[in-house]
Number of protein chains: 2
Amino acid sequence: MSRNDPGTRRATISDVAREAGVSPSTASVVFSGKTPVSDATRRRVLDAAAALGYTGPDPRAASLRRGRSGIVGVVFEEHLGQAFLDPVKTLMMDGLADAVAPLGAGLLLLRDHEPAGSESALSTGPSLTTAPLDAAVLIGCSGMLRESLETVKARGIPVVVIEGDAGDDVPRIDLDNREAQRQLASHLRALGHRRVAVVSLPARVDWERGWLGDDTAVTVDVTRDRLAGALDVFPDAATYAAAGSFIDEGLAAGREIFADPERRPTAVLAQSDLLAAGVIRAAEEAGLRVPEDVSVTGFDGIVVDGLAPYELATAVQPATDKGRAAGTAVAAMLEGRPAASIRFTCTFREGNTTGPAPE
Amino acid sequence: MSRNDPGTRRATISDVAREAGVSPSTASVVFSGKTPVSDATRRRVLDAAAALGYTGPDPRAASLRRGRSGIVGVVFEEHLGQAFLDPVKTLMMDGLADAVAPLGAGLLLLRDHEPAGSESALSTGPSLTTAPLDAAVLIGCSGMLRESLETVKARGIPVVVIEGDAGDDVPRIDLDNREAQRQLASHLRALGHRRVAVVSLPARVDWERGWLGDDTAVTVDVTRDRLAGALDVFPDAATYAAAGSFIDEGLAAGREIFADPERRPTAVLAQSDLLAAGVIRAAEEAGLRVPEDVSVTGFDGIVVDGLAPYELATAVQPATDKGRAAGTAVAAMLEGRPAASIRFTCTFREGNTTGPAPE
DNA sequence: TTGTACGCGTTATCAA
DNA sequence: TTGATAACGCGTACAA
């Protein structure tokens with residue numbers, strides 16, 4: 001099988017060249033366009049290609065030769081299905097896709113870590129180790145992704161990290177989570193609110209919803225940073241940590257928070273817009289008007305499908321730009337230029353879900 | 001630069017072999033595990049690799065040699081950001097990822113067609129033509145994807161199509177859209193409904209929301225099939241086509257449908273759960289109770305975040321299975337086995353959003 | 001503008 | 001269990 005049946009084998013550029021009566025290099029140039037070629041020659045080559053059913057250079061061979069595959073890996077912590085449930089990640093992917101497109105690169109979806117005992121190199125999956133990547137983007141590098149990071153760095157592949165700490169030599173795309181959350185909290189404070197509650201994102205990767213104790217370790221960076229911002233303004237705020245960024249999680253949290261009329265807060269700082277939407281729904285359920293009886297703030301600035309007529313008071317984060325920035329950084333590194341870390345800032349949006357504290 | 005500075009150049013498997021005092025093929029075998037190697041030899045090779053900072057075979061070269069890249073392309077019609085807004089697609093991706101993982105493959109995101117004049121082969125993007133794909137999965141092959149299909153077929157790459165017609169030689173993963181929709185319609189009919197309206201998915205790729213006239217050409221397969229199912233039971237149903245599968249689109253459609261109390265339908269067949277959720281919201285707005293005053297059905301059987309306490313009457317489609325089936329088909333073709341087309345069927349779920357026709 | 005020659009880094013095959 | 005050999009298909013100095 002080493003020499004395939006001539007009838008079955010796919011045509012190579014040499015075959016095309018021979019058919020066209022030119023040298024392989026000339027044929028190559030016709031396809032790459034790197035060097036001017038006479039029209040007549042081009043015509044002949046193209047015709048020969050058509051005749052032979054040759055559809056262009058084999059990307060694998062070209063990739064080896066060039067030392068580039070045109071593929072950027074995107075590494076997620078979670079199950080891929082989960083990742084795309086998050087509008088912010090979706091938007092980031094969008095920006096990322098945009099930014100790497102002019103580079104001629106595509107995005108390869110990769111999951112962080114093989115489930116269990118992944119000793120066998122055989123059917124281990126695509127994984128970071130075997131994929132022909134030009135660069136990698138790690139999303140949400142909190143602990144789990146450490147290993148992926150090592151792998152990639154060992155391979156000498158340019159890496160960029162979005163929302164996570166990967167050491168000084170790795171460019172990161174960050175957000176002013178703490179400051180933005182503090183600003184939202186301050187806004188509430190200025191409106192006279194004193195008794196507020198926080199509905200946070202998960203405290204840990206495998207978190208189940210529940211109140212956060214003083215001793216609870218918060219290992220998810222985003223959660224920790226935003227929480228810090230809230231506590232900067234309301235040091236005594238009670239925090240209910242959801243199990244994920246979903247409306248239904250916010251609803252559950254809200255029910256818990258509004259359960260006891262005695263201890264009911266006048267405002268709720270939710271760490272995501274989806275959570276906030278759920279909290280609002282819980283408030284409605286409890287017969288509370290937003291914002292007359294209770295103010296609610298979100299985070300992210302995404303469009304929450306079906307939330308109208310409410311417009312959340314929120315910190316609008318430039319999600320698409322974050323993705324785009326990661327792509328740009330990757331592009332820079334691929335061209336040998338250094339890529340700087342970037343810290344994006346959120347924009348405060350007042351919306352209509354906050355108001356003066358009651359009484 | 002053809003001969004890189006020896007200091008800078010990355011170590012190759014030959015370097016490792018030399019350092020370990022074995023032949024390149026032996027070193028290769030140590031990494032691939034294809035052939036038994038003595039422990040002593042393995043040790044030496046691994047040590048040498050560590051010493052040289054060699055982290056394993058270059059995927060590009062391996063890919064060329066093996067004729068496999070371990071990459072499956074997933075081709076979308078839309079902007080990638082849009083695609084992941086659709087829960088059904090997200091679930092499909094999930095199943096697909098699962099199914100190709102044991103194959104050792106990853107998913108490369110590809111967009112159907114380059115925006116405009118894409119003559120220059122230079123910065124044209126990843127595109128189907130230049131990506132090192134082992135196989136491709138086309139999603140929603142309705143017209144637009146035709147071209148992509150040609151490209152892929154020309155390259156001789158195995159293709160599978162999800163929800164779309166690609167000719168007899170291409171395996172397709174399909175759904176019994178018409179039958180399932182007919183079943184939902186029959187359910188309403190059995191409940192005594194006679195005056196129903198349909199809220200459909202877009203009639204065309206660039207559709208803007210509005211009523212469907214008798215003369216309106218419906219070019220999106222899914223829309224057409226589901227509509228046919230509805231008309232099988234209610235030939236006179238008026239159809240309002242949304243601009244996409246979103247709650248807000250359903251809301252807009254619902255407002256339009258419930259606007260005139262005289263012509264108000266007693267039931268609405270929405271072509272997706274998200275649209276149905278919007279319709280329910282519109283009903284509430286109009287002071288109508290669901291299902292007492294108006295019944296609403298959806299399609300898809302996804303979890304609509306925030307819709308509780310309603311549980312939609314809907315056709316539950318096995319979205320994840322569809323993706324998984326596509327992956328399995330791809331795997332089969334990659335192993336030279338023929339892959340059969342599969343037609344999945346939806347499961348009727350009664351939910352609590354339908355009831356007897358009023359009066 | 002075209003052709004020659006060589007190497008990119010692996011791995012399958014087969015013989016030792 | 002190991003090693004020699006030969007592709008895999010292409011791009012690109014460099015010479016003509």
# chains A, B, ... in the order shown; residues from 1 in each chain; ligands from 1
>>> closest_atom_pairs(of="chain D", to="chain B", cutoff="7 Å", atoms="only C-alpha atoms (C1' of nucleotides)", output="JSON lines")
{"residue": "D:DT1", "atom": "C1'", "partner": "B:Val37", "partner_atom": "CA", "distance": 6.3}
{"residue": "D:DT2", "atom": "C1'", "partner": "B:Thr26", "partner_atom": "CA", "distance": 6.7}
{"residue": "D:DG3", "atom": "C1'", "partner": "B:Ser23", "partner_atom": "CA", "distance": 6.0}
{"residue": "D:DC8", "atom": "C1'", "partner": "B:Arg65", "partner_atom": "CA", "distance": 4.7}
>>> interface_residues(of="chain C", to="chain B", cutoff="12 Å", atoms="only C-alpha atoms (C1' of nucleotides)", output="list in words")
DC6, DG7, DC8, DG9, DT10, DT11, DA12 and DT13 of chain C
>>> write_last_selection(atoms="N, CA and C atoms (P, O5', C5', C4', C3', O3' and C1' of nucleotides)", output="CSV table (one decimal), in the first residue's frame")
chain,number,residue,atom,x,y,z
C,6,DC,P,20.4,18.1,-4.2
C,6,DC,O5',19.7,18.5,-2.8
C,6,DC,C5',19.8,19.9,-2.4
C,6,DC,C4',18.7,20.1,-1.4
C,6,DC,C3',18.5,19.0,-0.3
C,6,DC,O3',18.7,19.6,0.9
C,6,DC,C1',16.4,19.8,-1.2
C,7,DG,P,19.0,18.6,2.1
C,7,DG,O5',18.0,19.1,3.2
C,7,DG,C5',17.7,20.5,3.3
C,7,DG,C4',16.3,20.7,3.9
C,7,DG,C3',16.0,19.7,5.0
C,7,DG,O3',15.4,20.5,6.0
C,7,DG,C1',14.4,19.5,3.4
C,8,DC,P,15.4,20.1,7.5
C,8,DC,O5',13.9,20.4,8.0
C,8,DC,C5',13.3,21.6,7.6
C,8,DC,C4',11.8,21.4,7.7
C,8,DC,C3',11.4,20.3,8.7
C,8,DC,O3',11.0,20.9,9.9
C,8,DC,C1',10.2,20.1,6.6
C,9,DG,P,11.9,20.5,11.2
C,9,DG,O5',11.1,19.1,11.7
C,9,DG,C5',9.8,19.2,12.0
C,9,DG,C4',9.2,17.8,12.1
C,9,DG,C3',10.0,16.9,13.0
C,9,DG,O3',9.1,16.3,13.9
C,9,DG,C1',9.6,15.8,10.9
C,10,DT,P,9.4,15.2,15.0
C,10,DT,O5',8.4,14.1,14.5
C,10,DT,C5',8.5,13.5,13.3
C,10,DT,C4',7.2,13.0,12.8
C,10,DT,C3',6.9,11.6,13.3
C,10,DT,O3',5.6,11.3,13.6
C,10,DT,C1',7.4,11.7,10.9
C,11,DT,P,5.4,10.0,14.5
C,11,DT,O5',5.2,8.9,13.3
C,11,DT,C5',4.1,9.1,12.3
C,11,DT,C4',4.3,8.0,11.3
C,11,DT,C3',4.3,6.6,11.8
C,11,DT,O3',3.6,5.8,10.9
C,11,DT,C1',6.2,7.0,10.5
C,12,DA,P,2.8,4.5,11.4
C,12,DA,O5',2.6,3.6,10.1
C,12,DA,C5',2.5,4.2,8.9
C,12,DA,C4',2.9,3.3,7.8
C,12,DA,C3',2.8,1.8,8.1
C,12,DA,O3',2.5,1.1,6.9
C,12,DA,C1',5.1,2.3,7.9
C,13,DT,P,2.3,-0.5,6.8
C,13,DT,O5',3.7,-1.0,6.3
C,13,DT,C5',4.3,-0.4,5.2
C,13,DT,C4',5.6,-1.1,4.9
C,13,DT,C3',5.6,-2.6,5.2
C,13,DT,O3',6.2,-3.2,4.1
C,13,DT,C1',7.5,-1.5,6.2
>>> interface_residues(of="chain A", to="chain B", cutoff="7 Å", atoms="only C-alpha atoms", output="PyMOL selection string")
chain A and resi 55+59-61+63-64+70+80-81+84+90-91+93-94+101-110+123-126+130-132+154-155+246-248+278+305-306
>>> write_last_selection(atoms="C-alpha atoms", output="PDB file, in the first residue's frame")
ATOM      1  CA  THR A  55      -8.345  20.762  -5.772  1.00  0.00           C
ATOM      2  CA  PRO A  59      -3.081  21.388   3.767  1.00  0.00           C
ATOM      3  CA  ARG A  60      -1.174  18.820   5.768  1.00  0.00           C
ATOM      4  CA  ALA A  61       1.865  18.988   3.575  1.00  0.00           C
ATOM      5  CA  SER A  63       1.357  22.979   6.963  1.00  0.00           C
ATOM      6  CA  LEU A  64       4.486  20.943   7.544  1.00  0.00           C
ATOM      7  CA  GLY A  70      -3.630  27.961  10.526  1.00  0.00           C
ATOM      8  CA  LEU A  80     -18.286  22.384  25.519  1.00  0.00           C
ATOM      9  CA  GLY A  81     -22.036  22.326  25.690  1.00  0.00           C
ATOM     10  CA  PHE A  84     -21.778  28.001  24.883  1.00  0.00           C
ATOM     11  CA  THR A  90     -20.350  33.136  22.987  1.00  0.00           C
ATOM     12  CA  LEU A  91     -19.613  36.766  22.335  1.00  0.00           C
ATOM     13  CA  MET A  93     -15.801  33.420  20.603  1.00  0.00           C
ATOM     14  CA  ASP A  94     -17.323  35.751  18.118  1.00  0.00           C
ATOM     15  CA  ALA A 101      -9.872  35.201  10.461  1.00  0.00           C
ATOM     16  CA  PRO A 102      -7.614  37.707   8.679  1.00  0.00           C
ATOM     17  CA  LEU A 103      -4.777  35.626   9.966  1.00  0.00           C
ATOM     18  CA  GLY A 104      -6.145  32.789   7.968  1.00  0.00           C
ATOM     19  CA  ALA A 105      -6.741  30.762  11.042  1.00  0.00           C
ATOM     20  CA  GLY A 106      -9.653  28.768  12.343  1.00  0.00           C
ATOM     21  CA  LEU A 107     -10.690  27.911  15.866  1.00  0.00           C
ATOM     22  CA  LEU A 108     -10.272  24.424  17.193  1.00  0.00           C
ATOM     23  CA  LEU A 109     -12.457  23.618  20.179  1.00  0.00           C
ATOM     24  CA  LEU A 110     -10.562  21.866  22.897  1.00  0.00           C
ATOM     25  CA  SER A 123      -7.537   7.176  21.726  1.00  0.00           C
ATOM     26  CA  THR A 124      -6.882  10.013  24.059  1.00  0.00           C
ATOM     27  CA  GLY A 125      -8.758  12.522  22.009  1.00  0.00           C
ATOM     28  CA  PRO A 126      -7.642  15.648  20.249  1.00  0.00           C
ATOM     29  CA  THR A 130      -1.604  16.205  19.484  1.00  0.00           C
ATOM     30  CA  ALA A 131      -3.446  18.987  17.747  1.00  0.00           C
ATOM     31  CA  PRO A 132      -1.563  20.946  15.115  1.00  0.00           C
ATOM     32  CA  ALA A 154       6.155  23.081  26.836  1.00  0.00           C
ATOM     33  CA  ARG A 155       5.221  22.811  23.211  1.00  0.00           C
ATOM     34  CA  PHE A 246     -28.573  30.979  34.697  1.00  0.00           C
ATOM     35  CA  ILE A 247     -31.886  32.696  35.157  1.00  0.00           C
ATOM     36  CA  ASP A 248     -33.215  29.725  37.059  1.00  0.00           C
ATOM     37  CA  GLY A 278     -33.822  35.386  37.917  1.00  0.00           C
ATOM     38  CA  ASP A 305     -33.803  37.439  25.984  1.00  0.00           C
ATOM     39  CA  GLY A 306     -37.284  37.969  27.345  1.00  0.00           C
TER      40      GLY A 306
END
>>> residues_around(residues="B:Tyr310", least_positions_apart="5", cutoff="12 Å", atoms="only C-alpha atoms (C1' of nucleotides)", output="ChimeraX atom specification")
/B:273,276-277,280-281,289-291,295-298,303-305,350-354
>>> write_last_selection(atoms="N, CA and C atoms", output="compact mmCIF listing (two decimals), in the first residue's frame")
# COMPACT_ATOMS: atom_id res chain seq x y z
N ASP B 273 -39.24 26.34 20.85
CA ASP B 273 -39.59 26.59 22.24
C ASP B 273 -39.35 28.05 22.63
N ALA B 276 -42.13 30.01 21.41
CA ALA B 276 -43.30 29.72 22.23
C ALA B 276 -43.24 30.49 23.55
N ALA B 277 -42.05 30.53 24.13
CA ALA B 277 -41.90 31.26 25.39
C ALA B 277 -42.29 32.72 25.20
N ILE B 280 -46.04 33.08 24.90
CA ILE B 280 -46.68 32.99 26.21
C ILE B 280 -46.59 34.33 26.93
N ARG B 281 -45.43 34.93 26.81
CA ARG B 281 -45.26 36.22 27.45
C ARG B 281 -46.20 37.26 26.84
N ARG B 289 -54.76 34.06 29.81
CA ARG B 289 -54.15 33.01 30.62
C ARG B 289 -53.78 31.83 29.73
N VAL B 290 -52.64 31.25 30.02
CA VAL B 290 -52.21 30.03 29.32
C VAL B 290 -52.29 28.89 30.31
N PRO B 291 -52.99 27.81 30.04
CA PRO B 291 -53.65 27.51 28.75
C PRO B 291 -55.15 27.79 28.75
N SER B 295 -53.89 28.30 24.11
CA SER B 295 -52.91 27.21 24.21
C SER B 295 -51.70 27.55 23.35
N VAL B 296 -50.55 27.11 23.82
CA VAL B 296 -49.32 27.39 23.06
C VAL B 296 -48.47 26.12 23.01
N THR B 297 -47.97 25.82 21.83
CA THR B 297 -47.03 24.70 21.72
C THR B 297 -45.70 25.19 21.17
N GLY B 298 -44.66 24.46 21.53
CA GLY B 298 -43.32 24.83 21.06
C GLY B 298 -42.76 23.76 20.14
N VAL B 303 -34.53 23.22 27.42
CA VAL B 303 -34.88 23.85 28.67
C VAL B 303 -34.86 25.35 28.46
N VAL B 304 -36.02 25.95 28.57
CA VAL B 304 -36.06 27.40 28.40
C VAL B 304 -35.82 28.04 29.76
N ASP B 305 -34.67 28.62 29.88
CA ASP B 305 -34.26 29.23 31.13
C ASP B 305 -35.26 30.31 31.52
N GLU B 350 -46.46 16.58 26.71
CA GLU B 350 -47.72 17.30 26.86
C GLU B 350 -47.56 18.64 27.56
N GLY B 351 -46.72 18.67 28.59
CA GLY B 351 -46.51 19.93 29.29
C GLY B 351 -47.79 20.46 29.90
N ASN B 352 -47.83 21.76 30.16
CA ASN B 352 -49.03 22.34 30.77
C ASN B 352 -49.45 23.64 30.08
N THR B 353 -49.09 23.75 28.81
CA THR B 353 -49.43 24.99 28.11
C THR B 353 -50.53 24.81 27.07
N THR B 354 -51.15 23.64 27.11
CA THR B 354 -52.31 23.47 26.22
C THR B 354 -53.50 22.99 27.03
>>> atom_distance(atom1="atom CA of B:Ile173", atom2="atom CA of B:Ala242")
25.0 Å
>>> residues_around(residues="B:Leu288", least_positions_apart="2", cutoff="12 Å", atoms="only C-alpha atoms (C1' of nucleotides)", output="list in words")
Gly254, Arg255, Phe258, Ala259, Pro261, Arg264, Pro265, Thr266, Ala267, Val279, Ile280, Arg281, Ala282, Ala283, Glu284, Glu285, Ala286, Val290, Pro291, Glu292, Asp293, Val294, Ser295, Val296 and Pro358 of chain B
